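> Take a look at entry.cif, mmCIF, C-alpha atoms:
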```cif
data_data
loop_
_atom_site.group_PDB
_atom_site.id
_atom_site.type_symbol
_atom_site.label_atom_id
_atom_site.label_comp_id
_atom_site.auth_asym_id
_atom_site.auth_seq_id
_atom_site.Cartn_x
_atom_site.Cartn_y
_atom_site.Cartn_z
ATOM 1 C CA TYR A 1 0.000 0.000 0.000
ATOM 2 C CA ILE A 2 1.598 3.260 -1.112
ATOM 3 C CA SER A 3 0.657 6.795 -0.266
ATOM 4 C CA ILE A 4 -0.069 9.270 -3.033
ATOM 5 C CA ASP A 5 0.524 12.354 -0.917
ATOM 6 C CA ARG A 6 0.805 14.944 -3.627
ATOM 7 C CA LEU A 7 -1.507 14.336 -6.560
ATOM 8 C CA VAL A 8 -1.956 16.924 -9.260
ATOM 9 C CA LEU A 9 -4.608 16.778 -11.887
ATOM 10 C CA LEU A 10 -3.685 18.575 -15.089
ATOM 11 C CA ILE A 11 -6.680 18.015 -17.173
ATOM 12 C CA THR A 12 -7.169 20.611 -19.845
ATOM 13 C CA PHE A 13 -5.435 23.226 -21.869
ATOM 14 C CA SER A 14 -7.641 26.006 -20.541
ATOM 15 C CA HIS A 15 -8.629 24.336 -17.248
ATOM 16 C CA GLN A 16 -12.348 23.682 -17.238
ATOM 17 C CA ASP A 17 -15.030 20.967 -17.058
ATOM 18 C CA LYS A 18 -12.808 17.866 -16.976
ATOM 19 C CA THR A 19 -10.716 19.347 -14.207
ATOM 20 C CA THR A 20 -13.516 20.124 -11.805
ATOM 21 C CA SER A 21 -15.379 16.846 -12.340
ATOM 22 C CA ALA A 22 -12.303 14.772 -11.615
ATOM 23 C CA CYS A 23 -11.299 16.915 -8.639
ATOM 24 C CA MET A 24 -14.693 16.569 -7.015
ATOM 25 C CA VAL A 25 -14.473 12.762 -7.254
ATOM 26 C CA LEU A 26 -10.801 12.493 -6.259
ATOM 27 C CA LYS A 27 -11.018 14.864 -3.289
ATOM 28 C CA ARG A 28 -12.965 12.139 -1.513
ATOM 29 C CA GLY A 29 -9.742 10.216 -0.919
ATOM 30 C CA PHE A 30 -6.734 12.083 -2.291
ATOM 31 C CA SER A 31 -4.906 15.367 -1.940
ATOM 32 C CA VAL A 32 -5.662 16.996 -5.304
ATOM 33 C CA ARG A 33 -4.776 20.215 -7.082
ATOM 34 C CA SER A 34 -5.853 21.153 -10.567
ATOM 35 C CA PHE A 35 -4.181 23.240 -13.223
ATOM 36 C CA GLY A 36 -4.425 24.371 -16.818
ATOM 37 C CA THR A 37 -1.484 24.555 -19.194
ATOM 38 C CA GLY A 38 -2.626 27.134 -21.741
ATOM 39 C CA THR A 39 -1.705 30.803 -21.706
ATOM 40 C CA HIS A 40 -5.308 31.831 -20.975
ATOM 41 C CA VAL A 41 -8.570 30.341 -19.767
ATOM 42 C CA LYS A 42 -10.967 29.934 -22.696
ATOM 43 C CA LEU A 43 -14.679 29.366 -22.260
ATOM 44 C CA PRO A 44 -17.182 28.831 -25.064
ATOM 45 C CA GLY A 45 -18.637 32.037 -26.406
ATOM 46 C CA PRO A 46 -21.620 32.900 -28.604
ATOM 47 C CA ALA A 47 -19.868 31.219 -31.582
ATOM 48 C CA PRO A 48 -17.017 28.686 -31.903
ATOM 49 C CA ASP A 49 -14.680 31.402 -33.191
ATOM 50 C CA LYS A 50 -15.651 33.834 -30.399
ATOM 51 C CA PRO A 51 -14.569 32.258 -27.088
ATOM 52 C CA ASN A 52 -14.519 34.155 -23.835
ATOM 53 C CA VAL A 53 -10.837 34.518 -22.923
ATOM 54 C CA TYR A 54 -9.611 35.267 -19.410
ATOM 55 C CA ASP A 55 -6.246 35.640 -17.726
ATOM 56 C CA PHE A 56 -5.387 33.015 -15.093
ATOM 57 C CA LYS A 57 -5.561 35.819 -12.494
ATOM 58 C CA THR A 58 -9.292 36.220 -13.154
ATOM 59 C CA THR A 59 -11.422 34.650 -10.424
ATOM 60 C CA TYR A 60 -14.231 32.217 -11.201
ATOM 61 C CA ASP A 61 -16.592 34.718 -9.602
ATOM 62 C CA GLN A 62 -15.442 37.438 -12.021
ATOM 63 C CA MET A 63 -15.870 35.078 -14.995
ATOM 64 C CA TYR A 64 -19.329 34.092 -13.749
ATOM 65 C CA ASN A 65 -20.452 37.718 -13.364
ATOM 66 C CA ASP A 66 -18.996 38.685 -16.751
ATOM 67 C CA LEU A 67 -20.892 35.903 -18.556
ATOM 68 C CA LEU A 68 -24.048 36.599 -16.561
ATOM 69 C CA ARG A 69 -23.866 40.193 -17.771
ATOM 70 C CA LYS A 70 -23.090 39.204 -21.394
ATOM 71 C CA ASP A 71 -25.862 36.614 -21.936
ATOM 72 C CA LYS A 72 -27.422 34.893 -18.930
ATOM 73 C CA GLU A 73 -29.703 32.685 -21.069
ATOM 74 C CA LEU A 74 -26.933 31.388 -23.363
ATOM 75 C CA TYR A 75 -24.463 30.614 -20.578
ATOM 76 C CA THR A 76 -27.137 29.031 -18.391
ATOM 77 C CA GLN A 77 -28.340 26.851 -21.275
ATOM 78 C CA ASN A 78 -24.855 25.651 -22.260
ATOM 79 C CA GLY A 79 -23.913 24.887 -18.632
ATOM 80 C CA ILE A 80 -21.019 27.344 -18.338
ATOM 81 C CA LEU A 81 -22.563 29.306 -15.455
ATOM 82 C CA HIS A 82 -23.241 26.063 -13.562
ATOM 83 C CA MET A 83 -19.654 24.918 -14.135
ATOM 84 C CA LEU A 84 -18.214 28.256 -12.941
ATOM 85 C CA ASP A 85 -20.470 28.183 -9.878
ATOM 86 C CA ARG A 86 -19.151 24.702 -9.075
ATOM 87 C CA ASN A 87 -15.553 25.794 -9.739
ATOM 88 C CA LYS A 88 -15.703 28.797 -7.412
ATOM 89 C CA ARG A 89 -16.781 26.527 -4.560
ATOM 90 C CA ILE A 90 -13.576 24.514 -5.072
ATOM 91 C CA LYS A 91 -11.047 27.355 -5.360
ATOM 92 C CA PRO A 92 -11.039 31.079 -6.163
ATOM 93 C CA ARG A 93 -9.380 30.977 -9.602
ATOM 94 C CA PRO A 94 -7.755 28.666 -12.131
ATOM 95 C CA GLU A 95 -4.052 27.916 -11.767
ATOM 96 C CA ARG A 96 -1.421 27.464 -14.479
ATOM 97 C CA PHE A 97 0.897 24.441 -14.097
ATOM 98 C CA GLN A 98 3.969 26.134 -15.540
ATOM 99 C CA ASN A 99 3.804 28.733 -12.739
ATOM 100 C CA CYS A 100 3.728 26.109 -9.970
ATOM 101 C CA LYS A 101 6.988 24.885 -8.468
ATOM 102 C CA ASP A 102 5.460 22.396 -6.004
ATOM 103 C CA VAL A 103 6.488 18.730 -6.108
ATOM 104 C CA PHE A 104 3.970 15.988 -6.923
ATOM 105 C CA ASP A 105 3.991 12.179 -6.900
ATOM 106 C CA LEU A 106 1.513 11.685 -9.723
ATOM 107 C CA ILE A 107 0.314 13.968 -12.499
ATOM 108 C CA LEU A 108 -2.742 13.027 -14.531
ATOM 109 C CA THR A 109 -3.701 14.667 -17.801
ATOM 110 C CA CYS A 110 -6.707 14.030 -19.999
ATOM 111 C CA GLU A 111 -5.510 15.457 -23.279
ATOM 112 C CA GLU A 112 -2.412 14.363 -25.198
ATOM 113 C CA ARG A 113 -1.224 17.891 -25.981
ATOM 114 C CA VAL A 114 -1.459 18.744 -22.268
ATOM 115 C CA TYR A 115 0.548 15.600 -21.450
ATOM 116 C CA ASP A 116 3.207 16.742 -23.931
ATOM 117 C CA GLN A 117 3.286 20.247 -22.397
ATOM 118 C CA VAL A 118 3.627 18.865 -18.871
ATOM 119 C CA VAL A 119 6.427 16.478 -19.815
ATOM 120 C CA GLU A 120 8.219 19.239 -21.733
ATOM 121 C CA ASP A 121 7.900 21.644 -18.793
ATOM 122 C CA LEU A 122 9.132 19.091 -16.241
ATOM 123 C CA ASN A 123 12.058 18.075 -18.446
ATOM 124 C CA SER A 124 13.068 21.732 -18.929
ATOM 125 C CA ARG A 125 13.312 22.347 -15.171
ATOM 126 C CA GLU A 126 16.604 21.957 -13.378
ATOM 127 C CA GLN A 127 16.674 18.635 -11.549
ATOM 128 C CA GLU A 128 17.231 19.225 -7.862
ATOM 129 C CA THR A 129 16.024 16.225 -5.845
ATOM 130 C CA CYS A 130 15.783 13.514 -8.542
ATOM 131 C CA GLN A 131 12.430 12.567 -7.003
ATOM 132 C CA PRO A 132 10.349 10.760 -9.635
ATOM 133 C CA VAL A 133 6.917 11.942 -10.741
ATOM 134 C CA HIS A 134 4.692 9.704 -12.847
ATOM 135 C CA VAL A 135 2.845 11.516 -15.623
ATOM 136 C CA ILE A 136 -0.156 9.636 -17.011
ATOM 137 C CA ASN A 137 -2.574 10.670 -19.746
ATOM 138 C CA VAL A 138 -5.988 9.297 -20.618
ATOM 139 C CA ASP A 139 -7.913 11.215 -23.279
ATOM 140 C CA ILE A 140 -11.294 12.503 -22.124
ATOM 141 C CA GLN A 141 -13.573 14.722 -24.181
ATOM 142 C CA ASP A 142 -14.389 18.065 -22.577
ATOM 143 C CA ASN A 143 -18.123 17.702 -22.019
ATOM 144 C CA HIS A 144 -20.031 17.071 -18.814
ATOM 145 C CA GLU A 145 -20.905 13.394 -19.472
ATOM 146 C CA GLU A 146 -17.397 12.375 -20.565
ATOM 147 C CA ALA A 147 -15.878 14.425 -17.753
ATOM 148 C CA THR A 148 -17.995 12.569 -15.187
ATOM 149 C CA LEU A 149 -17.178 9.127 -16.629
ATOM 150 C CA GLY A 150 -13.514 10.075 -16.898
ATOM 151 C CA ALA A 151 -13.469 11.295 -13.308
ATOM 152 C CA PHE A 152 -14.600 7.910 -12.016
ATOM 153 C CA LEU A 153 -12.076 6.110 -14.242
ATOM 154 C CA ILE A 154 -9.268 8.327 -12.934
ATOM 155 C CA CYS A 155 -10.412 7.808 -9.352
ATOM 156 C CA GLU A 156 -10.400 4.038 -9.823
ATOM 157 C CA LEU A 157 -6.924 4.243 -11.369
ATOM 158 C CA CYS A 158 -5.620 6.296 -8.418
ATOM 159 C CA GLN A 159 -7.108 3.834 -5.940
ATOM 160 C CA CYS A 160 -5.419 0.938 -7.752
ATOM 161 C CA ILE A 161 -2.089 2.783 -7.833
ATOM 162 C CA GLN A 162 -2.441 3.533 -4.140
ATOM 163 C CA HIS A 163 -2.949 -0.158 -3.380
ATOM 164 C CA THR A 164 0.187 -1.293 -5.216
ATOM 165 C CA GLU A 165 3.109 -2.345 -3.095
ATOM 166 C CA ASP A 166 5.686 -1.043 -5.575
ATOM 167 C CA MET A 167 4.345 1.613 -7.943
ATOM 168 C CA GLU A 168 7.626 1.853 -9.860
ATOM 169 C CA ASN A 169 7.494 -1.824 -10.865
ATOM 170 C CA GLU A 170 3.734 -2.376 -11.049
ATOM 171 C CA ILE A 171 2.418 0.715 -12.829
ATOM 172 C CA ASP A 172 3.001 -0.425 -16.429
ATOM 173 C CA GLU A 173 1.064 -3.649 -15.872
ATOM 174 C CA LEU A 174 -1.680 -1.750 -14.052
ATOM 175 C CA LEU A 175 -2.041 0.740 -16.912
ATOM 176 C CA GLN A 176 -2.219 -2.096 -19.430
ATOM 177 C CA GLU A 177 -5.069 -3.660 -17.427
ATOM 178 C CA PHE A 178 -6.881 -0.297 -17.379
ATOM 179 C CA GLU A 179 -6.441 0.100 -21.129
ATOM 180 C CA GLU A 180 -8.036 -3.295 -21.733
ATOM 181 C CA LYS A 181 -10.834 -2.662 -19.246
ATOM 182 C CA SER A 182 -11.699 0.886 -20.387
ATOM 183 C CA GLY A 183 -10.918 0.679 -24.091
ATOM 184 C CA ARG A 184 -8.828 3.840 -23.732
ATOM 185 C CA THR A 185 -5.132 4.310 -24.396
ATOM 186 C CA PHE A 186 -2.968 5.591 -21.551
ATOM 187 C CA LEU A 187 0.338 7.407 -22.023
ATOM 188 C CA HIS A 188 2.882 7.169 -19.205
ATOM 189 C CA THR A 189 6.329 8.513 -18.494
ATOM 190 C CA VAL A 190 8.475 9.278 -15.474
ATOM 191 C CA CYS A 191 10.083 12.681 -14.996
ATOM 192 C CA PHE A 192 12.315 13.872 -12.164
ATOM 193 C CA TYR A 193 12.387 16.948 -9.939
#
```
Starting from the file, lay out its structure as structure tokens.

Amino acid sequence: YISIDRLVLLITFSHQDKTTSACMVLKRGFSVRSFGTGTHVKLPGPAPDKPNVYDFKTTYDQMYNDLLRKDKELYTQNGILHMLDRNKRIKPRPERFQNCKDVFDLILTCEERVYDQVVEDLNSREQETCQPVHVINVDIQDNHEEATLGAFLICELCQCIQHTEDMENEIDELLQEFEEKSGRTFLHTVCFY
């Protein structure tokens, strides 16, 4: 039985629905933090080519009030106001991974390009402690239903990892079992702090 003391969940490029769904499930048994990896937070706008773009310093409450002012009906109907309301109960604002210097045991991403950004960022940092961090990706679409299903899959994966006696030697076999069971492909690498 191993302890996953510092778990980070890096779910999306702009840090939205997948992140909060997984965090809500995982917080029941793990220490979790969530991040985005993009340069800004992007939320759907009135058209696909007109997203609402916010700086990572913008609070969820500010985003909520801005969208409420812009078009309450549209953002209620598409679920964005509900998501922001849920987000602001978890933490005040989104966080960007590249600005965080904390050390984690396990990093989970749900988008391959985010996985690539995380691995690139970790590999570009100066190694200080040589402590390993496992980075795992499972692709999850960014909609409420997929985010919920993905959250439970990630939670089950974390529970299985936690119950291994030797994560370093058992994780590849565990991920292969999860791939077969879920029909999803997992990416995995180890980086060092």
> Please evaluate the PyMOL selection byres ((chain A and resi 175) around 9) against the structure above and give the resulting residues as a PyMOL selection string.
chain A and resi 157+170-174+176-180+185-188
> Please write the residues from the selection above to a file, keeping C-alpha atoms, as a compact mmCIF listing (two decimals), in the coordinates of the input.

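That gives us part.txt:
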```
# COMPACT_ATOMS: atom_id res chain seq x y z
CA LEU A 157 -6.92 4.24 -11.37
CA GLU A 170 3.73 -2.38 -11.05
CA ILE A 171 2.42 0.72 -12.83
CA ASP A 172 3.00 -0.42 -16.43
CA GLU A 173 1.06 -3.65 -15.87
CA LEU A 174 -1.68 -1.75 -14.05
CA GLN A 176 -2.22 -2.10 -19.43
CA GLU A 177 -5.07 -3.66 -17.43
CA PHE A 178 -6.88 -0.30 -17.38
CA GLU A 179 -6.44 0.10 -21.13
CA GLU A 180 -8.04 -3.30 -21.73
CA THR A 185 -5.13 4.31 -24.40
CA PHE A 186 -2.97 5.59 -21.55
CA LEU A 187 0.34 7.41 -22.02
CA HIS A 188 2.88 7.17 -19.20
```
> Apply the PyMOL selection byres ((chain A and resi 111) around 7) to the structure shown and report the selected residues as a ChimeraX atom specification.
/A:11-12,109-110,112-115,137-140
> Closest to Asp71 of chain A among A:His144, A:Glu165, A:Asn52, A:Pro92, using only C-alpha atoms?
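Going through A:His144, A:Glu165, A:Asn52, A:Pro92 one by one, the smallest distance to Asp71 of chain A is for A:Asn52.
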> Can you measure atom CA of Arg96 of chain A to atom CA of Gly36 of chain A for me? One decimal in Å is fine.
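Atom CA of Gly36 of chain A lies at a distance of 4.9 Å from atom CA of Arg96 of chain A.
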> Extract, using only C-alpha atoms, all DNA, RNA and protein residues at most 9 Å from segment 121-129 of chain A, discarding same-chain residues fewer than 6 positions from it, and format them as a ChimeraX atom specification.
/A:97-98,191-193
> So which one's closest to Leu43 of chain A, A:Phe30, A:Val135, A:Leu84, A:Arg89? Using only C-alpha atoms, please.
A:Leu84
> Using all atoms listed in the file, find the one residue out of A:Asn65, A:Asn78, A:Thr59, A:Gln117 that sits nearest to Ala47 of chain A.
A:Asn78
> Find the distance between atom CA of Asp105 of chain A and atom CA of Met167 of chain A and write it in Å to one decimal.
10.6 Å
> One number please: atom CA of Asn87 of chain A to atom CA of Lys42 of chain A, in Å, one decimal.
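Going from atom CA of Asn87 of chain A over to atom CA of Lys42 of chain A covers 14.4 Å.
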> So which one's closest to His82 of chain A, A:Val190, A:Leu67, A:Leu108, A:Cys155? Using all atoms listed in the file, please.
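That would be A:Leu67, the residue with the smallest distance to His82 of chain A.
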> Please identify all polymer residues within 12 Å of Val53 of chain A, counting all atoms listed in the file, omitting same-chain residues fewer than 2 positions from it, and present them as a ChimeraX atom specification.
/A:14-15,38-45,49-51,55-58,63,66-67
> Around (-13.5, 4.1, -12.5), as given in the file, which residues come within 12 Å? Count all atoms listed in the file and list them as a ChimeraX atom specification.
/A:22,25-26,147-160,178-179,181-182
> Here is a test: counting all atoms listed in the file, which residue of A:Glu73, A:Glu120, A:Asp102, A:Asp61 is nearest to Ile90 of chain A?
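Closest to Ile90 of chain A of all the choices is A:Asp61.
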